[in-house]
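**Student:** Sharing a structure here in structure tokens format.
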Amino acid sequence: LQVLTVATAPYPDQRPCSGGLRRRVGVFQGRRHYLHNFLQSVFSCIDLRDRQGCTVVVGGDGRFFNRTAMEVVVQMAAANGVGRLIVGCHGIMSTPAVSCAVRKYKAMGGIVLTASHRPGGPQGDFGVKFNSANGGPAQEGVTNKIYQICRTLEEFTICPGLRVDLGTLGRQEFDLENKFKPFTVEMVDSVESYANLLRNIFDFAALKELLSGEHRIRIRVDAMSGVMGPYVRRILCEELGAPAKSVVNCVPLEDFGGRRPDPNLTYAADLVDSMQDGRYDLGAAFDGDGDRNMILGRHGVFVTPSDSLAVIAANIFCIPYFQHTGVRGFARSMPTSAAVDKVAKATKIDLYETPVGWRFFGNLMDAGRLSLCGEESFGTGGDHIREKDGLWSVLAWLSILATRRQSVDDIVKDHWRKYGRNYYTRYDYKDVDLDAACELMEDLEMLLTDKSFVGQRFAVADNIYQVEQADNFEYTDPVDSTITRNQGLRIMFTNGSRIIYRLSGTGGVGATIRVYIDSYEKEDIFQDTQVMLAPLATIALKISQLHVRTGRSGPSMIT
Ligand code: VG1
Ligand code: CO
């Protein structure tokens, strides 16, 4: 097979964010060699000596353009000296399964074709994510290097004649010109190796008893027509005995059936509705690539992701894996509620507060300092891989239910009784004018880093909040001492409440402003979240002048 070098012109906008490069499908289709350029930069960023003959894992969430892109990945990997590609059957593999495979096959890295929870289809989004040899999202040094190469790229190499059969399991070999060794593609059953990983973490016999034994509970799991369908069918139904009808939307669709594969109360409303009548004891949904999860209790009672993390932490020894490894540390991203902090304190386990994005957790895990972590954005996971893991989180909850034999609701309420409750909400303002958003953040930083800001009191009705500390969050990695700055504006009040302002790093057009509100109550734990947080929300809007400055009258979404 012929290896071609093709001349190209660089795109200055290919800066990868924490979720890789995410763009409208039209951008990938319409701009000449847009995908090729980015992939070349990914391959070029791997040192030539490391790249020759190495193994790379490729998966995707099955969205529109996945198949086309997969062919390009294979042709370019071959031309760039990769020796072996591990590919999910039909080019489909969840993000956690890719992380698992990178580690299992000792690959140089992984490529995931996904735009996560973003909509799919010809009018939707597509994306390319690059993971490092530890199986986790690439560190900033790597993504910066990719971006630098992107900006000056003049050519890429490709084997245009290479045709791979994505539908047949097993090994396919290709002889390239000027190469001694054939290039091999291994189509693997990624569900099987991922299932095997979970078998070694959880007590499958106990879970099987829970889902299909005499006193079984009923579950409802929505794969949202994303990548998770085959995984939940195989693991929850075939292996753990849940009835077939307990899993829905299990066929991966290119447009996710027109719905957004975003597991929250807004986009997984069908699931919430189907749980209203109390038929199911636990409900769960995933995002397109299977790393995010939402947990619901009977009647659709919502467990916030921050509470989910704290509850798993408090019940961590219901999971056999942690009985063996012990617990090295807990972590949460900075905007995630401080609920898990209370568990860490009570159990005297180290707690890390990191910037948003999973890569910071990966570093701590590699150093043996972290066992369980999570983000408010519907992500939880352990150190078995280096990505958040949706199905792992569901099995973690099932393990807790199997051990405690209580309802989801009672477990959460007991948790609040013991540790107090962090009321938590997030306001998103989408598609805000970029300049307006940046100016808002700059002015806000000036305001709240001024010396006079600390000690100020804000009152709404008879609630008074006094500022204890305010800053622009910065993180020093305890393992390699790298400093990451500018990670969100924080206002911390004397009673432990927090308001955080942050610009999304994964957005497409314009800016998305996120406002996170976290408030701790020791006694008053059974109130409505939005009612409880209303005074802080008012203060958050007042301080930032958010509505005046963005011309909005309310958030685009509340989670
Ligand atoms: C969002 C979430 C963040 C998450 C990231 C990738 O980032 O807030 O917690 O790690 O998406 O998730 P941002 O910068 O838009 O707030 V995924 O499922 O897309 O890999
Ligand atoms: Co995702």
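Residues are named by chain letter and number: chains run A, B, ... in the order of the structure tokens, numbers start at 1 in each chain, and ligands are numbered from 1 in the order shown.
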Which residues of chain A come within 7 Å of ligand 1, and what is each one's closest atom pair and distance in Å (one decimal), counting only C-alpha atoms and all ligand atoms, sorted by chain and residue number, as JSON lines?
**Tutor:**
```
{"residue": "A:Ser18", "atom": "CA", "partner": "ligand 1", "partner_atom_place_in_ligand_line": "6 (C)", "distance": 6.2}
{"residue": "A:Gly19", "atom": "CA", "partner": "ligand 1", "partner_atom_place_in_ligand_line": "20 (O)", "distance": 5.1}
{"residue": "A:Ala115", "atom": "CA", "partner": "ligand 1", "partner_atom_place_in_ligand_line": "19 (O)", "distance": 6.5}
{"residue": "A:Ser116", "atom": "CA", "partner": "ligand 1", "partner_atom_place_in_ligand_line": "19 (O)", "distance": 4.5}
{"residue": "A:His117", "atom": "CA", "partner": "ligand 1", "partner_atom_place_in_ligand_line": "18 (O)", "distance": 6.2}
{"residue": "A:Asp287", "atom": "CA", "partner": "ligand 1", "partner_atom_place_in_ligand_line": "18 (O)", "distance": 6.9}
{"residue": "A:Asp291", "atom": "CA", "partner": "ligand 1", "partner_atom_place_in_ligand_line": "18 (O)", "distance": 5.7}
{"residue": "A:Arg292", "atom": "CA", "partner": "ligand 1", "partner_atom_place_in_ligand_line": "18 (O)", "distance": 5.5}
{"residue": "A:Val356", "atom": "CA", "partner": "ligand 1", "partner_atom_place_in_ligand_line": "9 (O)", "distance": 5.1}
{"residue": "A:Gly357", "atom": "CA", "partner": "ligand 1", "partner_atom_place_in_ligand_line": "10 (O)", "distance": 3.7}
{"residue": "A:Trp358", "atom": "CA", "partner": "ligand 1", "partner_atom_place_in_ligand_line": "10 (O)", "distance": 5.5}
{"residue": "A:Glu375", "atom": "CA", "partner": "ligand 1", "partner_atom_place_in_ligand_line": "9 (O)", "distance": 5.5}
{"residue": "A:Glu376", "atom": "CA", "partner": "ligand 1", "partner_atom_place_in_ligand_line": "9 (O)", "distance": 6.5}
{"residue": "A:Ser377", "atom": "CA", "partner": "ligand 1", "partner_atom_place_in_ligand_line": "9 (O)", "distance": 4.8}
{"residue": "A:Leu503", "atom": "CA", "partner": "ligand 1", "partner_atom_place_in_ligand_line": "14 (O)", "distance": 6.9}
{"residue": "A:Ser504", "atom": "CA", "partner": "ligand 1", "partner_atom_place_in_ligand_line": "14 (O)", "distance": 3.7}
{"residue": "A:Gly505", "atom": "CA", "partner": "ligand 1", "partner_atom_place_in_ligand_line": "14 (O)", "distance": 3.4}
{"residue": "A:Thr506", "atom": "CA", "partner": "ligand 1", "partner_atom_place_in_ligand_line": "15 (O)", "distance": 4.0}
{"residue": "A:Gly507", "atom": "CA", "partner": "ligand 1", "partner_atom_place_in_ligand_line": "15 (O)", "distance": 5.8}
```
**Student:** Name each residue within 10 Å of ligand 2, counting only C-alpha atoms and all ligand atoms, as a ChimeraX atom specification.
**Tutor:** /A:19,61,94-96,114-118,261-263,286-293,377-379,387-390
**Student:** Between A:Leu447, A:Leu162, A:Leu282, A:Met294, which one has atoms that come closest to Glu177 of chain A, using only C-alpha atoms?
**Tutor:**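 Checking each candidate against Glu177 of chain A, we get A:Leu162 as the closest.
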**Student:** Name the residues in contact with Glu192 of chain A at a cut-off of 10 Å, using only C-alpha atoms, excluding same-chain residues fewer than 3 positions from it; report them as a ChimeraX atom specification.
**Tutor:** /A:97,188-189,195-198,231,234-235
**Student:** Given the selection you just returned, output its residues as a file containing N, CA and C atoms, formatted as a compact mmCIF listing (two decimals), in the first residue's frame.
**Tutor:**
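Saved as result05.txt:
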```txt
# COMPACT_ATOMS: atom_id res chain seq x y z
N ALA A 97 -14.15 2.49 28.27
CA ALA A 97 -13.59 1.26 27.68
C ALA A 97 -12.29 1.56 26.94
N VAL A 188 -11.63 -5.45 18.34
CA VAL A 188 -11.87 -6.16 19.60
C VAL A 188 -13.30 -6.00 20.09
N ASP A 189 -13.71 -6.95 20.92
CA ASP A 189 -15.00 -6.85 21.60
C ASP A 189 -14.74 -6.05 22.87
N ALA A 195 -16.17 -5.49 30.65
CA ALA A 195 -16.95 -6.28 31.62
C ALA A 195 -16.00 -7.03 32.56
N ASN A 196 -14.92 -7.50 31.99
CA ASN A 196 -13.95 -8.24 32.78
C ASN A 196 -13.32 -7.36 33.87
N LEU A 197 -13.08 -6.11 33.50
CA LEU A 197 -12.54 -5.15 34.46
C LEU A 197 -13.53 -4.99 35.63
N LEU A 198 -14.81 -4.82 35.29
CA LEU A 198 -15.81 -4.61 36.34
C LEU A 198 -15.99 -5.85 37.22
N TYR A 231 -23.08 -2.17 26.29
CA TYR A 231 -22.46 -2.43 27.59
C TYR A 231 -23.52 -2.74 28.65
N ARG A 234 -25.21 -6.21 27.96
CA ARG A 234 -24.37 -7.35 28.29
C ARG A 234 -24.18 -7.48 29.79
N ILE A 235 -23.87 -6.36 30.44
CA ILE A 235 -23.49 -6.44 31.85
C ILE A 235 -24.72 -6.47 32.78
```
**Student:** So, counting only C-alpha atoms, which residue among A:Pro12, A:Gly226, A:Gly496, A:Pro320 is closest to Lys342 of chain A?
**Tutor:**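 Answer, going by the shortest atom-to-atom distance: A:Gly496.
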**Student:** Using only C-alpha atoms for the distances, tell me which of A:Leu489, A:Ile349, A:Ile86, A:Val509 is nearest to Asp431 of chain A.
**Tutor:**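 Closest to Asp431 of chain A of all the choices is A:Val509.
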**Student:** List every residue of segment 131-305 of chain A that DSSP, applied to the backbone of this structure, assigns to strand (DSSP E), and report them as a count of residues only.
**Tutor:** 34
**Student:** With only C-alpha atoms as the counted atoms, please give the residues lying no more than 8 Å from segment 121-135 of chain A, apart from itself and same-chain residues fewer than 2 positions off, as a short mmCIF file (atom, residue, chain, number, x, y, z; two decimals) with C-alpha atoms, in the first residue's frame.
**Tutor:**
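As a result, result11.cif now contains:
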```
data_model
loop_
_atom_site.label_atom_id
_atom_site.label_comp_id
_atom_site.auth_asym_id
_atom_site.auth_seq_id
_atom_site.Cartn_x
_atom_site.Cartn_y
_atom_site.Cartn_z
CA GLY A 19 -12.58 17.37 25.99
CA GLY A 20 -10.41 17.43 22.86
CA LEU A 21 -11.40 19.23 19.67
CA ARG A 22 -15.17 19.74 19.47
CA ARG A 23 -16.86 21.37 16.48
CA ARG A 24 -20.04 21.29 14.46
CA VAL A 25 -20.13 18.33 12.06
CA GLY A 26 -20.29 20.89 9.23
CA PHE A 28 -15.31 18.73 9.86
CA VAL A 42 -1.90 14.35 17.35
CA ARG A 63 -22.36 9.53 16.37
CA PHE A 64 -22.74 10.88 12.84
CA PHE A 65 -19.32 11.12 11.09
CA VAL A 98 -10.94 3.13 25.67
CA SER A 99 -9.21 4.08 28.91
CA CYS A 100 -9.37 0.44 30.00
CA ALA A 101 -7.98 -0.78 26.65
CA VAL A 102 -5.12 1.73 26.59
CA ARG A 103 -3.96 0.34 29.92
CA LYS A 106 -0.03 -0.89 27.06
CA ALA A 107 -0.84 1.47 24.23
CA MET A 108 0.94 4.75 23.50
CA GLY A 109 -2.43 6.47 23.72
CA GLY A 110 -6.07 6.47 22.73
CA ILE A 111 -8.23 8.42 20.33
CA VAL A 112 -11.94 8.82 21.11
CA LEU A 113 -14.25 10.11 18.40
CA THR A 114 -16.90 11.87 20.44
CA ALA A 115 -18.40 15.18 21.44
CA ARG A 118 -23.36 17.29 22.84
CA PRO A 119 -26.11 16.64 20.25
CA PRO A 137 -7.03 12.85 28.98
CA ALA A 138 -3.71 14.28 27.80
CA GLN A 139 -2.00 16.75 30.12
CA GLU A 254 -25.97 8.46 14.76
CA ASP A 255 -28.23 11.27 15.93
CA PHE A 256 -29.09 9.75 19.33
CA GLY A 258 -32.79 13.38 17.98
CA GLY A 362 -5.22 10.95 36.63
CA ASP A 366 -0.76 7.50 38.84
CA ILE A 385 -9.06 3.58 34.83
CA ARG A 386 -8.21 7.23 34.13
CA GLU A 387 -11.60 8.51 32.94
#
```
**Student:** Could you name the residues that touch segment 303-313 of chain A at 9 Å or less, counting only C-alpha atoms, but leaving out those on the same chain fewer than 4 positions away, as an MDAnalysis selection string?
**Tutor:** chainID A and resid 293:297 317:318 330 332 336:344 372:381 393 396:397 400 408:409 411:412 415 421:422 424:425 559
**Student:** What does the distance between atom CA of Gly229 of chain A and atom CA of Val248 of chain A come to in Å, to one decimal place?
**Tutor:**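 Result for atom CA of Gly229 of chain A versus atom CA of Val248 of chain A: 8.0 Å, one decimal.
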**Student:** As an exercise, work out the distance from atom CA of Cys45 of chain A to atom CA of Ala7 of chain A in Å and give it to one decimal place.
**Tutor:**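 Atom CA of Ala7 of chain A lies at a distance of 18.4 Å from atom CA of Cys45 of chain A.
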**Student:** Need the shell around Ile491 of chain A: protein/DNA/RNA residues with any atom at most 7 Å away, counting only C-alpha atoms. Skip same-chain ones fewer than 2 positions apart. Format as a list in words?
**Tutor:** Val467, Gln469, Ala470, Asp471, Leu489, Phe493, Arg498, Ile499 and Ile500 of chain A
**Student:** Could you write those residues out with N, CA and C atoms, as a short mmCIF file (atom, residue, chain, number, x, y, z; two decimals), in the first residue's frame?
**Tutor:**
```cif
data_model
loop_
_atom_site.label_atom_id
_atom_site.label_comp_id
_atom_site.auth_asym_id
_atom_site.auth_seq_id
_atom_site.Cartn_x
_atom_site.Cartn_y
_atom_site.Cartn_z
N VAL A 467 -18.22 37.80 53.32
CA VAL A 467 -17.13 37.23 52.52
C VAL A 467 -15.93 36.89 53.40
N GLN A 469 -13.26 34.88 51.97
CA GLN A 469 -12.11 34.80 51.06
C GLN A 469 -12.64 34.85 49.63
N ALA A 470 -11.85 35.42 48.74
CA ALA A 470 -12.25 35.43 47.32
C ALA A 470 -10.99 35.39 46.48
N ASP A 471 -11.01 34.60 45.42
CA ASP A 471 -9.81 34.51 44.57
C ASP A 471 -10.11 33.93 43.19
N LEU A 489 -13.49 31.94 39.38
CA LEU A 489 -13.53 32.95 40.44
C LEU A 489 -14.36 32.42 41.59
N PHE A 493 -17.89 32.33 51.72
CA PHE A 493 -18.49 33.07 52.82
C PHE A 493 -18.16 32.40 54.16
N ARG A 498 -20.48 28.97 49.06
CA ARG A 498 -19.58 29.42 47.99
C ARG A 498 -20.37 29.84 46.76
N ILE A 499 -19.84 30.85 46.05
CA ILE A 499 -20.33 31.18 44.71
C ILE A 499 -19.10 31.11 43.81
N ILE A 500 -19.26 30.41 42.67
CA ILE A 500 -18.13 30.27 41.75
C ILE A 500 -18.58 30.68 40.34
#
```
**Student:** Mind pulling up the distance from atom CA of Leu541 of chain A to atom CA of Asp428 of chain A?
**Tutor:**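 Calculated distance between atom CA of Asp428 of chain A and atom CA of Leu541 of chain A is 12.4 Å.
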**Student:** For each of A:Glu474, A:Glu155, A:Asp518, A:Asp50, take the minimum atom-to-atom distance to Val6 of chain A, counting only C-alpha atoms, then give the residue where this is smallest.
**Tutor:** A:Glu155
**Student:** Which polymer residues have any atom within 10 Å of an atom of Gly241 of chain A, counting only C-alpha atoms, with same-chain residues fewer than 3 positions away left out, as a list in words?
**Tutor:** Leu207, Lys208, Glu209, Leu210, Leu211, Ser212, Gly213, Arg233, Arg234, Ile235, Leu236, Cys237, Glu238 and Ala244 of chain A
**Student:** Measuring between only C-alpha atoms, which one of A:Ile146, A:Met446, A:Ile201, A:Val301 shows the shortest distance to Phe322 of chain A?
**Tutor:**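 Closest to Phe322 of chain A, using only C-alpha atoms: A:Ile201.
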**Student:** Apply DSSP to the structure's backbone, then extract all residues of segment 249-328 of chain A labelled alpha helix (DSSP H) and return them as a VMD selection string.
**Tutor:** chain A and resid 269 to 275 305 to 314 320 to 325
